[in-house]
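Data file: coords.cif. Format and content: mmCIF, C-alpha atoms.
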```cif
data_data
loop_
_atom_site.label_atom_id
_atom_site.label_comp_id
_atom_site.auth_asym_id
_atom_site.auth_seq_id
_atom_site.Cartn_x
_atom_site.Cartn_y
_atom_site.Cartn_z
CA MET A 1 -61.90 -27.14 -29.97
CA MET A 2 -63.08 -23.96 -28.36
CA PHE A 3 -61.01 -24.57 -25.27
CA ARG A 4 -57.74 -25.07 -27.10
CA LYS A 5 -58.07 -21.95 -29.16
CA ARG A 6 -58.43 -19.69 -26.17
CA ASN A 7 -55.20 -20.90 -24.49
CA ARG A 8 -52.82 -20.49 -27.40
CA ARG A 9 -51.10 -17.16 -26.67
CA VAL A 10 -49.00 -16.65 -23.56
CA PRO A 11 -47.97 -13.01 -23.01
CA GLY A 12 -44.21 -12.52 -22.78
CA LEU A 13 -42.75 -11.17 -19.57
CA ASN A 14 -41.88 -7.51 -19.89
CA THR A 15 -38.15 -7.27 -19.18
CA THR A 16 -37.55 -3.68 -20.19
CA SER A 17 -36.77 -2.59 -16.66
CA THR A 18 -34.19 -5.29 -15.95
CA ALA A 19 -31.56 -3.04 -17.46
CA ASP A 20 -32.54 -0.24 -15.12
CA ILE A 21 -32.41 -2.53 -12.12
CA SER A 22 -28.94 -3.78 -12.98
CA PHE A 23 -27.85 -0.21 -13.59
CA MET A 24 -28.94 0.60 -10.05
CA LEU A 25 -26.88 -2.31 -8.71
CA LEU A 26 -23.92 -1.21 -10.77
CA ILE A 27 -24.08 2.32 -9.44
CA PHE A 28 -24.43 1.04 -5.90
CA PHE A 29 -21.27 -0.99 -6.24
CA LEU A 30 -19.42 1.86 -7.83
CA VAL A 31 -20.25 4.08 -4.89
CA ALA A 32 -19.73 1.58 -2.12
CA SER A 33 -16.45 0.10 -3.25
CA SER A 34 -13.09 1.55 -3.88
CA MET A 35 -10.74 0.53 -6.59
CA ASP A 36 -7.48 1.79 -5.11
CA ILE A 37 -4.82 -0.83 -5.24
CA ASP A 38 -2.68 -0.87 -2.17
CA LYS A 39 0.91 -0.24 -2.90
CA GLY A 40 3.66 0.43 -0.48
CA LEU A 41 7.19 -0.12 0.64
CA THR A 42 7.34 -3.35 2.57
CA ARG A 43 9.79 -3.24 5.43
CA GLN A 44 10.56 -5.54 8.30
CA LEU A 45 10.77 -4.12 11.78
CA PRO A 46 13.31 -5.51 14.21
CA PRO A 47 11.81 -7.44 17.11
CA MET A 48 11.62 -5.72 20.46
CA GLU A 49 14.70 -6.81 22.32
CA THR A 50 14.74 -7.31 26.02
CA LYS A 51 17.27 -5.47 28.12
CA GLN A 52 19.49 -8.51 28.62
CA GLU A 53 19.88 -9.16 24.92
CA GLN A 54 21.09 -5.69 24.19
CA LYS A 55 24.76 -5.82 23.50
CA ALA A 56 26.94 -3.06 22.31
CA THR A 57 28.55 -4.19 19.10
CA GLU A 58 31.62 -2.64 17.68
CA VAL A 59 31.21 -1.68 14.07
CA ASN A 60 34.06 -0.50 12.02
CA ARG A 61 33.62 3.13 11.10
CA GLN A 62 34.52 2.34 7.49
CA LYS A 63 31.61 -0.02 7.14
CA LEU A 64 29.05 2.43 8.37
CA LEU A 65 26.86 4.84 6.48
CA GLN A 66 25.03 7.32 8.60
CA LEU A 67 21.86 8.81 7.22
CA ARG A 68 20.24 11.46 9.31
CA ILE A 69 17.25 13.68 8.75
CA ASP A 70 17.31 16.83 10.82
CA ALA A 71 14.40 18.92 12.04
CA ALA A 72 14.43 21.04 8.89
CA ASP A 73 13.98 17.96 6.65
CA GLN A 74 17.55 18.07 5.46
CA LEU A 75 19.34 14.86 4.69
CA LEU A 76 22.75 14.45 6.24
CA VAL A 77 24.94 11.65 4.95
CA ASP A 78 27.85 11.14 7.31
CA ASP A 79 27.12 14.62 8.68
CA LYS A 80 27.29 16.26 5.27
CA VAL A 81 24.21 17.75 3.64
CA MET A 82 23.09 15.93 0.53
CA PRO A 83 20.04 16.43 -1.68
CA MET A 84 17.59 13.52 -1.65
CA ASN A 85 17.99 12.69 -5.33
CA GLN A 86 21.70 11.95 -4.91
CA LEU A 87 21.17 9.55 -2.05
CA GLN A 88 20.38 6.53 -4.21
CA GLY A 89 23.66 6.81 -6.08
CA ARG A 90 25.60 7.28 -2.87
CA VAL A 91 24.01 4.23 -1.24
CA GLU A 92 24.55 2.13 -4.34
CA GLU A 93 28.20 3.09 -4.39
CA PHE A 94 28.48 2.27 -0.71
CA LEU A 95 26.80 -1.12 -1.08
CA GLN A 96 28.86 -2.05 -4.07
CA SER A 97 32.18 -1.24 -2.45
CA LEU A 98 31.47 -3.11 0.77
CA GLY A 99 29.23 -5.97 -0.28
CA ALA A 100 27.35 -7.80 2.43
CA ASP A 101 29.52 -6.43 5.20
CA HIS A 102 27.90 -3.08 5.73
CA LEU A 103 25.58 -1.21 8.03
CA ILE A 104 23.34 1.71 7.29
CA VAL A 105 22.18 3.75 10.23
CA VAL A 106 19.02 5.75 9.77
CA ALA A 107 17.96 8.38 12.24
CA ALA A 108 15.09 10.77 11.79
CA ASP A 109 14.53 13.76 13.98
CA PRO A 110 11.12 13.71 15.75
CA ALA A 111 10.27 17.02 14.13
CA SER A 112 11.06 15.91 10.58
CA SER A 113 8.30 15.00 8.16
CA TYR A 114 7.19 11.53 7.17
CA ASP A 115 7.51 12.41 3.50
CA CYS A 116 11.23 12.99 3.85
CA TYR A 117 11.68 9.74 5.75
CA PHE A 118 9.67 7.90 3.16
CA GLN A 119 11.80 9.26 0.33
CA LEU A 120 14.85 8.05 2.22
CA GLN A 121 13.40 4.56 2.58
CA ASN A 122 12.44 4.61 -1.06
CA SER A 123 15.99 5.46 -2.12
CA LEU A 124 17.35 2.71 0.11
CA VAL A 125 15.08 0.13 -1.45
CA ALA A 126 15.84 1.39 -4.94
CA ALA A 127 19.59 1.28 -4.33
CA HIS A 128 19.34 -2.21 -2.89
CA GLN A 129 17.32 -3.47 -5.82
CA HIS A 130 19.73 -2.01 -8.34
CA TRP A 131 22.64 -3.62 -6.56
CA ARG A 132 20.87 -6.96 -6.47
CA ASP A 133 19.95 -6.68 -10.12
CA ARG A 134 23.52 -5.88 -11.08
CA MET A 135 24.80 -8.85 -9.08
CA ALA A 136 22.26 -11.12 -10.77
CA ARG A 137 23.40 -9.92 -14.16
CA LYS A 138 27.03 -10.49 -13.26
CA ILE A 139 26.54 -14.05 -12.05
CA TYR A 140 23.65 -15.37 -14.13
CA GLY A 141 23.50 -12.89 -16.97
CA ARG A 142 19.86 -12.09 -16.32
CA GLY A 143 17.96 -9.56 -14.28
CA PHE A 144 16.85 -10.44 -10.76
CA ARG A 145 13.21 -10.72 -11.76
CA ARG A 146 13.91 -13.40 -14.32
CA LEU A 147 15.88 -15.73 -12.05
CA ALA A 148 14.74 -19.08 -10.78
CA THR A 149 13.86 -19.41 -7.10
CA VAL A 150 17.14 -21.04 -6.10
CA GLU A 151 19.19 -18.44 -7.92
CA ARG A 152 17.12 -15.72 -6.39
CA ASP A 153 17.76 -17.03 -2.89
CA ASN A 154 21.44 -17.16 -3.65
CA ILE A 155 21.44 -13.52 -4.72
CA ARG A 156 19.38 -12.56 -1.69
CA GLU A 157 21.99 -14.15 0.51
CA ARG A 158 24.82 -12.36 -1.24
CA CYS A 159 23.14 -9.00 -1.24
CA PRO A 160 21.47 -8.35 2.05
CA LEU A 161 20.54 -4.89 3.23
CA HIS A 162 21.47 -4.14 6.81
CA VAL A 163 19.64 -1.11 8.06
CA THR A 164 19.35 -0.12 11.65
CA GLU A 165 17.11 2.65 12.80
CA SER A 166 17.87 4.56 15.90
CA ILE A 167 14.77 6.03 17.43
CA PRO A 168 15.53 9.10 19.50
CA GLU A 169 14.87 8.76 23.19
CA ASN A 170 12.66 11.79 23.51
CA THR A 171 9.79 10.38 21.46
CA LYS A 172 7.70 9.70 24.54
CA GLY A 173 5.46 12.49 25.68
CA GLY A 174 5.00 15.85 24.12
CA ASP A 175 2.07 16.98 22.05
CA ARG A 176 1.27 15.31 18.82
CA MET B 1 -40.33 15.77 -55.05
CA SER B 2 -42.83 13.08 -54.90
CA ARG B 3 -40.01 10.67 -54.45
CA PHE B 4 -39.36 11.90 -50.87
CA ARG B 5 -42.95 11.81 -49.81
CA ARG B 6 -43.26 8.18 -50.47
CA PRO B 7 -44.10 6.38 -47.21
CA ARG B 8 -40.93 4.84 -45.88
CA PRO B 9 -40.74 1.26 -44.67
CA GLU B 10 -41.32 1.16 -40.91
CA MET B 11 -38.13 1.34 -38.76
CA LEU B 12 -37.53 -1.66 -36.64
CA GLY B 13 -37.11 -0.98 -32.94
CA LEU B 14 -33.64 -1.61 -31.49
CA ASN B 15 -33.58 -4.93 -29.75
CA THR B 16 -32.55 -4.28 -26.15
CA ALA B 17 -33.09 -7.77 -24.86
CA SER B 18 -29.35 -8.29 -24.24
CA LEU B 19 -28.84 -4.94 -22.52
CA PRO B 20 -29.39 -6.33 -18.99
CA ASP B 21 -26.87 -9.08 -19.64
CA LEU B 22 -24.36 -6.52 -20.76
CA ILE B 23 -24.80 -4.40 -17.71
CA PHE B 24 -24.69 -7.44 -15.47
CA SER B 25 -21.31 -8.36 -16.85
CA VAL B 26 -20.04 -4.84 -16.16
CA LEU B 27 -21.47 -5.16 -12.66
CA PHE B 28 -19.68 -8.45 -12.06
CA PHE B 29 -16.47 -6.95 -13.33
CA PHE B 30 -16.68 -4.17 -10.80
CA MET B 31 -17.62 -6.56 -8.03
CA ILE B 32 -14.48 -8.55 -8.71
CA VAL B 33 -11.89 -5.82 -9.16
CA THR B 34 -13.00 -3.54 -6.35
CA HIS B 35 -13.28 -4.17 -2.69
CA MET B 36 -15.78 -2.77 -0.26
CA ARG B 37 -14.82 0.18 1.86
CA LYS B 38 -14.60 -1.19 5.32
CA VAL B 39 -14.01 1.92 7.34
CA THR B 40 -15.25 5.44 7.19
CA LEU B 41 -12.22 7.64 7.26
CA LYS B 42 -11.92 10.12 10.05
CA VAL B 43 -8.56 11.37 9.02
CA LYS B 44 -7.39 13.24 5.96
CA TYR B 45 -4.16 12.09 4.45
CA ARG B 46 -2.10 12.44 1.33
CA GLU B 47 0.26 9.56 0.85
CA PRO B 48 3.85 10.13 -0.16
CA GLN B 49 4.99 9.17 -3.61
CA GLY B 50 7.48 6.41 -4.21
CA VAL B 51 9.07 4.49 -7.04
CA GLU B 52 10.03 1.08 -5.71
CA LEU B 53 6.63 -0.02 -4.48
CA THR B 54 5.28 -3.50 -4.11
CA ARG B 55 1.66 -4.47 -4.17
CA LEU B 56 -0.01 -5.84 -1.09
CA THR B 57 -1.44 -9.08 -2.33
CA LYS B 58 -3.06 -10.85 0.55
CA LYS B 59 -5.84 -8.51 1.59
CA SER B 60 -7.13 -10.70 4.39
CA ALA B 61 -3.81 -10.47 6.21
CA VAL B 62 -3.53 -6.70 6.06
CA THR B 63 -4.43 -4.36 8.87
CA TYR B 64 -4.58 -0.65 8.22
CA ILE B 65 -3.47 2.22 10.37
CA TYR B 66 -4.44 5.66 9.17
CA ILE B 67 -2.44 8.63 10.37
CA GLY B 68 -3.37 12.11 9.36
CA LYS B 69 -5.17 15.29 10.16
CA SER B 70 -8.45 14.93 12.00
CA LEU B 71 -11.53 15.62 9.90
CA GLN B 72 -14.10 16.07 12.63
CA GLY B 73 -14.47 18.18 15.73
CA GLN B 74 -14.00 21.90 15.83
CA GLY B 75 -11.56 21.79 18.68
CA HIS B 76 -8.98 19.40 17.36
CA SER B 77 -9.35 19.55 13.63
CA GLY B 78 -5.99 19.73 11.98
CA LYS B 79 -4.37 17.78 14.77
CA THR B 80 -2.60 14.58 13.85
CA VAL B 81 -4.64 11.55 14.86
CA ILE B 82 -4.36 7.81 14.42
CA GLN B 83 -7.29 5.74 13.24
CA MET B 84 -7.79 2.01 13.35
CA ASN B 85 -11.10 0.37 12.47
CA ASP B 86 -13.47 3.31 12.68
CA ARG B 87 -11.99 4.51 15.90
CA LEU B 88 -9.41 7.09 16.80
CA VAL B 89 -6.75 5.57 18.99
CA THR B 90 -3.69 6.60 20.90
CA PRO B 91 -0.38 4.83 20.28
CA ALA B 92 -0.83 2.96 23.54
CA ASP B 93 -4.03 1.30 22.22
CA ILE B 94 -2.47 0.03 19.03
CA ALA B 95 -0.99 -3.10 20.59
CA ASP B 96 -4.40 -4.16 21.95
CA TYR B 97 -6.10 -3.52 18.66
CA LEU B 98 -3.51 -5.50 16.78
CA SER B 99 -3.76 -8.52 19.02
CA ALA B 100 -7.55 -8.39 18.61
CA GLU B 101 -7.11 -8.26 14.84
CA ARG B 102 -4.66 -11.10 14.94
CA SER B 103 -7.02 -13.34 16.87
CA LYS B 104 -9.71 -12.68 14.25
CA MET B 105 -7.47 -13.79 11.41
CA ALA B 106 -7.26 -17.24 9.95
CA PRO B 107 -4.26 -19.19 11.29
CA GLU B 108 -2.53 -19.23 7.92
CA ASP B 109 -2.84 -15.47 7.63
CA ARG B 110 -1.28 -14.79 11.01
CA GLN B 111 2.19 -15.54 9.73
CA LEU B 112 1.73 -13.11 6.90
CA MET B 113 0.11 -10.39 8.94
CA THR B 114 1.09 -7.06 7.47
CA VAL B 115 0.33 -3.66 8.86
CA SER B 116 -0.15 -1.01 6.24
CA ILE B 117 0.65 2.45 7.50
CA LYS B 118 -1.31 5.01 5.55
CA ALA B 119 0.16 8.20 6.79
CA ASP B 120 -0.07 11.77 5.65
CA ARG B 121 3.12 13.05 4.14
CA ASP B 122 3.30 15.96 6.53
CA THR B 123 3.09 13.83 9.65
CA ARG B 124 5.90 14.39 12.06
CA MET B 125 8.25 11.46 12.55
CA GLU B 126 7.55 11.56 16.24
CA VAL B 127 4.12 10.02 15.66
CA ILE B 128 5.41 7.49 13.15
CA ASN B 129 8.13 6.41 15.55
CA GLU B 130 5.61 5.95 18.32
CA VAL B 131 3.43 3.82 16.07
CA LYS B 132 6.42 1.77 14.99
CA GLN B 133 7.44 1.14 18.57
CA ALA B 134 3.89 0.04 19.34
CA LEU B 135 3.97 -2.33 16.38
CA ARG B 136 7.21 -3.80 17.58
CA GLN B 137 5.68 -4.30 20.98
CA ALA B 138 2.70 -6.05 19.42
CA LYS B 139 5.08 -8.24 17.39
CA ALA B 140 3.58 -7.08 14.12
CA LEU B 141 6.87 -6.74 12.32
CA ARG B 142 5.86 -6.78 8.69
CA ILE B 143 4.87 -3.29 7.78
CA SER B 144 4.22 -1.45 4.61
CA TYR B 145 4.49 2.26 4.14
CA SER B 146 1.57 2.92 1.87
CA ALA B 147 2.28 5.23 -1.04
CA THR B 148 1.23 6.14 -4.52
CA GLN B 149 3.30 5.35 -7.55
CA LYS B 150 5.33 8.22 -8.90
CA LYS B 151 4.80 8.57 -12.62
#
```
Please go through the file and, once you have read it, give me the structure as structure tokens.
Amino acid sequence: MMFRKRNRRVPGLNTTSTADISFMLLIFFLVASSMDIDKGLTRQLPPMETKQEQKATEVNRQKLLQLRIDAADQLLVDDKVMPMNQLQGRVEEFLQSLGADHLIVVAADPASSYDCYFQLQNSLVAAHQHWRDRMARKIYGRGFRRLATVERDNIRERCPLHVTESIPENTKGGDR
Amino acid sequence: MSRFRRPRPEMLGLNTASLPDLIFSVLFFFMIVTHMRKVTLKVKYREPQGVELTRLTKKSAVTYIYIGKSLQGQGHSGKTVIQMNDRLVTPADIADYLSAERSKMAPEDRQLMTVSIKADRDTRMEVINEVKQALRQAKALRISYSATQKK
């Protein structure tokens, strides 16, 4: 009887500090990790062509849209100055009138800024997406995002975006 | 007055037994939604702002190139530099670095390999063009111009 009485109470484990410990872990993870979600404009670069494959192709002047950024970060559309916020409308108009048979030539001066070039790319993508969306609405009566995969591929085929970038020859050398 | 002096019933202590569990769930949340910083940045950059952005989904197939102003060194601070994996590189090194990265990737990721260019908005196009040529040489053709969403 004596033995049993002495063994009855087991002291509970003190867990008050568990909260503090997990707080420490939490703060560590907050400091060591970053939450930024990566967003960006996805583009496809053309493959490096060998010298033999390079062929001069004749492109009709009517089917060409020349976008140029000069050294002072000014946008020139077919050699006429245009503010950046009007570019999207101009490109949309161009795409809509010509359909798949078009070519957009982009050239950026080595001294121009990346921001300007990025805005240009952004407008191109925006114009292309609007065009695609409009085409989807015309054919299927729904926006591009709500199409089925097959329909989407069909629209993609109808509405391609042909962009060629000419990189100036004098990029090699010089100080960065 | 005597009414207020009456001894009050003893207040029960707040039960904090579930507090660790609560904090653990917050911890797990953060562990899931964030990702560890892999590189210490040696360049300072401010990304351009765009509207039509897409999210990079497959993190394991993404390689980052940072282009911006150098943060360290008295002599060449403020100069545009290119960083890949904790190291400052020249455009000529990029191809080697990319093929090394590619060989480290899982075979199914190699097809989807994307290079995210995180460049400062004031970078001159000269540098960007050089990097792009190097990427073409390395056959890393899927690129993404990293940007922040314009509100």
Might you pull out every residue within 7 Å of Thr164 in chain A, with only C-alpha atoms counted and same-chain residues fewer than 4 positions away left off, and present them as a compact mmCIF listing (two decimals) with C-alpha atoms, in the coordinates of the input?
```txt
# COMPACT_ATOMS: atom_id res chain seq x y z
CA ILE A 104 23.34 1.71 7.29
CA VAL A 105 22.18 3.75 10.23
CA VAL A 106 19.02 5.75 9.77
```
For a cutoff of 12 Å around the file-coordinate point (-20.7, 1.8, -5.3), which residues qualify once you count all atoms listed in the file? I'd like the result as a CSV table (one decimal) with C-alpha atoms, in the frame of the given file.
```csv
chain,number,residue,atom,x,y,z
A,23,PHE,CA,-27.8,-0.2,-13.6
A,24,MET,CA,-28.9,0.6,-10.0
A,25,LEU,CA,-26.9,-2.3,-8.7
A,26,LEU,CA,-23.9,-1.2,-10.8
A,27,ILE,CA,-24.1,2.3,-9.4
A,28,PHE,CA,-24.4,1.0,-5.9
A,29,PHE,CA,-21.3,-1.0,-6.2
A,30,LEU,CA,-19.4,1.9,-7.8
A,31,VAL,CA,-20.2,4.1,-4.9
A,32,ALA,CA,-19.7,1.6,-2.1
A,33,SER,CA,-16.4,0.1,-3.2
A,34,SER,CA,-13.1,1.6,-3.9
A,35,MET,CA,-10.7,0.5,-6.6
B,27,LEU,CA,-21.5,-5.2,-12.7
B,30,PHE,CA,-16.7,-4.2,-10.8
B,31,MET,CA,-17.6,-6.6,-8.0
B,34,THR,CA,-13.0,-3.5,-6.4
B,35,HIS,CA,-13.3,-4.2,-2.7
B,36,MET,CA,-15.8,-2.8,-0.3
B,37,ARG,CA,-14.8,0.2,1.9
```
Query raised in the report: Excluding same-chain residues fewer than 5 positions from range 40-47 of chain A, what lies within 7 Å of it counting all atoms listed in the file, as a PyMOL selection string?
Result: chain B and resi 53-55+136+139+141-147
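Here CA of Ala140 in chain B stands at a distance of 26.1 Å from CA of Lys79 in chain B.
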Edge lengths and centre in Å to one decimal, as lines of an AutoDock Vina configuration file, is what I'm after for the box along x, y and z that holds all listed atoms of range 57-60 of chain B once 3 Å is added on each side.
```
center_x = -4.3
center_y = -9.7
center_z = 1.0
size_x = 11.7
size_y = 8.3
size_z = 12.7
```
Query raised in the report: So which residues touch Ala72 in chain A within 9 Å, counting all atoms listed in the file, skipping near sequence neighbours fewer than 6 positions away, as a count of residues only?
Result: 4
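Near Val163 in chain A, within 12 Å and counting all atoms listed in the file, sit Arg43, Gln44, Leu45, Pro46, Leu64, Leu65, Gln66, Leu67, Val91, Leu95, Ala100, Asp101, His102, Leu103, Ile104, Val105, Val106, Ala107, Leu120, Gln121, Leu124, Val125, His128, Pro160 and Ser166 of chain A; same-chain residues fewer than 3 positions away were not included.
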Produce a file of the selected residues containing C-alpha atoms, as a PDB file, in the frame of the given file.
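Produced file out_23.pdb, reproduced below:
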```
ATOM      1  CA  ARG A  43       9.790  -3.240   5.430  1.00  0.00           C
ATOM      2  CA  GLN A  44      10.560  -5.540   8.300  1.00  0.00           C
ATOM      3  CA  LEU A  45      10.770  -4.120  11.780  1.00  0.00           C
ATOM      4  CA  PRO A  46      13.310  -5.510  14.210  1.00  0.00           C
ATOM      5  CA  LEU A  64      29.050   2.430   8.370  1.00  0.00           C
ATOM      6  CA  LEU A  65      26.860   4.840   6.480  1.00  0.00           C
ATOM      7  CA  GLN A  66      25.030   7.320   8.600  1.00  0.00           C
ATOM      8  CA  LEU A  67      21.860   8.810   7.220  1.00  0.00           C
ATOM      9  CA  VAL A  91      24.010   4.230  -1.240  1.00  0.00           C
ATOM     10  CA  LEU A  95      26.800  -1.120  -1.080  1.00  0.00           C
ATOM     11  CA  ALA A 100      27.350  -7.800   2.430  1.00  0.00           C
ATOM     12  CA  ASP A 101      29.520  -6.430   5.200  1.00  0.00           C
ATOM     13  CA  HIS A 102      27.900  -3.080   5.730  1.00  0.00           C
ATOM     14  CA  LEU A 103      25.580  -1.210   8.030  1.00  0.00           C
ATOM     15  CA  ILE A 104      23.340   1.710   7.290  1.00  0.00           C
ATOM     16  CA  VAL A 105      22.180   3.750  10.230  1.00  0.00           C
ATOM     17  CA  VAL A 106      19.020   5.750   9.770  1.00  0.00           C
ATOM     18  CA  ALA A 107      17.960   8.380  12.240  1.00  0.00           C
ATOM     19  CA  LEU A 120      14.850   8.050   2.220  1.00  0.00           C
ATOM     20  CA  GLN A 121      13.400   4.560   2.580  1.00  0.00           C
ATOM     21  CA  LEU A 124      17.350   2.710   0.110  1.00  0.00           C
ATOM     22  CA  VAL A 125      15.080   0.130  -1.450  1.00  0.00           C
ATOM     23  CA  HIS A 128      19.340  -2.210  -2.890  1.00  0.00           C
ATOM     24  CA  PRO A 160      21.470  -8.350   2.050  1.00  0.00           C
ATOM     25  CA  SER A 166      17.870   4.560  15.900  1.00  0.00           C
TER      26      SER A 166
END
```
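The space between CA of Glu93 in chain A and CA of Pro110 in chain A spans 28.5 Å.
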Query raised in the report: What do you get, as a PyMOL selection string, if you spell out every residue that the PyMOL selection byres ((chain B and resi 66-73) around 9) selects here?
Result: chain B and resi 41-46+64-65+74-84+116-123+127-128
Keeping all heavy atoms (and nothing else), can you write range 19-26 of chain B of this structure as a CSV table (one decimal), in the first residue's frame?
```
chain,number,residue,atom,x,y,z
B,19,LEU,N,-1.0,27.4,-28.2
B,19,LEU,CA,-0.2,28.5,-28.8
B,19,LEU,C,0.9,27.9,-29.7
B,19,LEU,O,1.1,28.4,-30.8
B,19,LEU,CB,0.3,29.4,-27.7
B,19,LEU,CG,1.0,30.7,-28.2
B,19,LEU,CD1,0.1,31.6,-29.0
B,19,LEU,CD2,1.6,31.5,-27.1
B,20,PRO,N,1.7,27.0,-29.2
B,20,PRO,CA,2.7,26.4,-30.1
B,20,PRO,C,2.2,25.8,-31.4
B,20,PRO,O,2.7,26.1,-32.4
B,20,PRO,CB,3.4,25.3,-29.2
B,20,PRO,CG,3.0,25.6,-27.9
B,20,PRO,CD,1.8,26.4,-27.9
B,21,ASP,N,1.0,25.2,-31.3
B,21,ASP,CA,0.5,24.6,-32.5
B,21,ASP,C,0.1,25.7,-33.5
B,21,ASP,O,0.3,25.5,-34.7
B,21,ASP,CB,-0.8,23.8,-32.1
B,21,ASP,CG,-0.5,22.7,-31.1
B,21,ASP,OD1,0.7,22.5,-30.9
B,21,ASP,OD2,-1.5,22.2,-30.5
B,22,LEU,N,-0.4,26.8,-32.9
B,22,LEU,CA,-0.8,27.9,-33.8
B,22,LEU,C,0.4,28.4,-34.5
B,22,LEU,O,0.3,28.6,-35.8
B,22,LEU,CB,-1.4,29.0,-32.9
B,22,LEU,CG,-2.7,29.5,-33.3
B,22,LEU,CD1,-3.5,29.9,-32.0
B,22,LEU,CD2,-2.5,30.7,-34.1
B,23,ILE,N,1.4,28.6,-33.8
B,23,ILE,CA,2.6,29.2,-34.4
B,23,ILE,C,3.3,28.3,-35.4
B,23,ILE,O,3.8,28.7,-36.4
B,23,ILE,CB,3.6,29.7,-33.3
B,23,ILE,CG1,2.9,30.8,-32.6
B,23,ILE,CG2,4.9,30.1,-33.9
B,23,ILE,CD1,3.5,31.0,-31.2
B,24,PHE,N,3.2,27.0,-35.0
B,24,PHE,CA,3.7,26.0,-36.0
B,24,PHE,C,3.0,26.0,-37.3
B,24,PHE,O,3.6,25.9,-38.4
B,24,PHE,CB,3.7,24.6,-35.4
B,24,PHE,CG,4.9,24.2,-34.8
B,24,PHE,CD1,5.0,23.8,-33.4
B,24,PHE,CD2,6.1,24.1,-35.5
B,24,PHE,CE1,6.2,23.5,-32.8
B,24,PHE,CE2,7.3,23.7,-34.9
B,24,PHE,CZ,7.4,23.4,-33.6
B,25,SER,N,1.7,26.2,-37.2
B,25,SER,CA,1.0,26.2,-38.5
B,25,SER,C,1.3,27.5,-39.3
B,25,SER,O,1.4,27.4,-40.5
B,25,SER,CB,-0.5,26.1,-38.3
B,25,SER,OG,-0.9,27.0,-37.3
B,26,VAL,N,1.6,28.6,-38.6
B,26,VAL,CA,2.0,29.8,-39.4
B,26,VAL,C,3.4,29.5,-40.0
B,26,VAL,O,3.7,29.9,-41.1
B,26,VAL,CB,2.1,31.0,-38.4
B,26,VAL,CG1,2.7,32.2,-39.1
B,26,VAL,CG2,0.7,31.3,-37.9
```
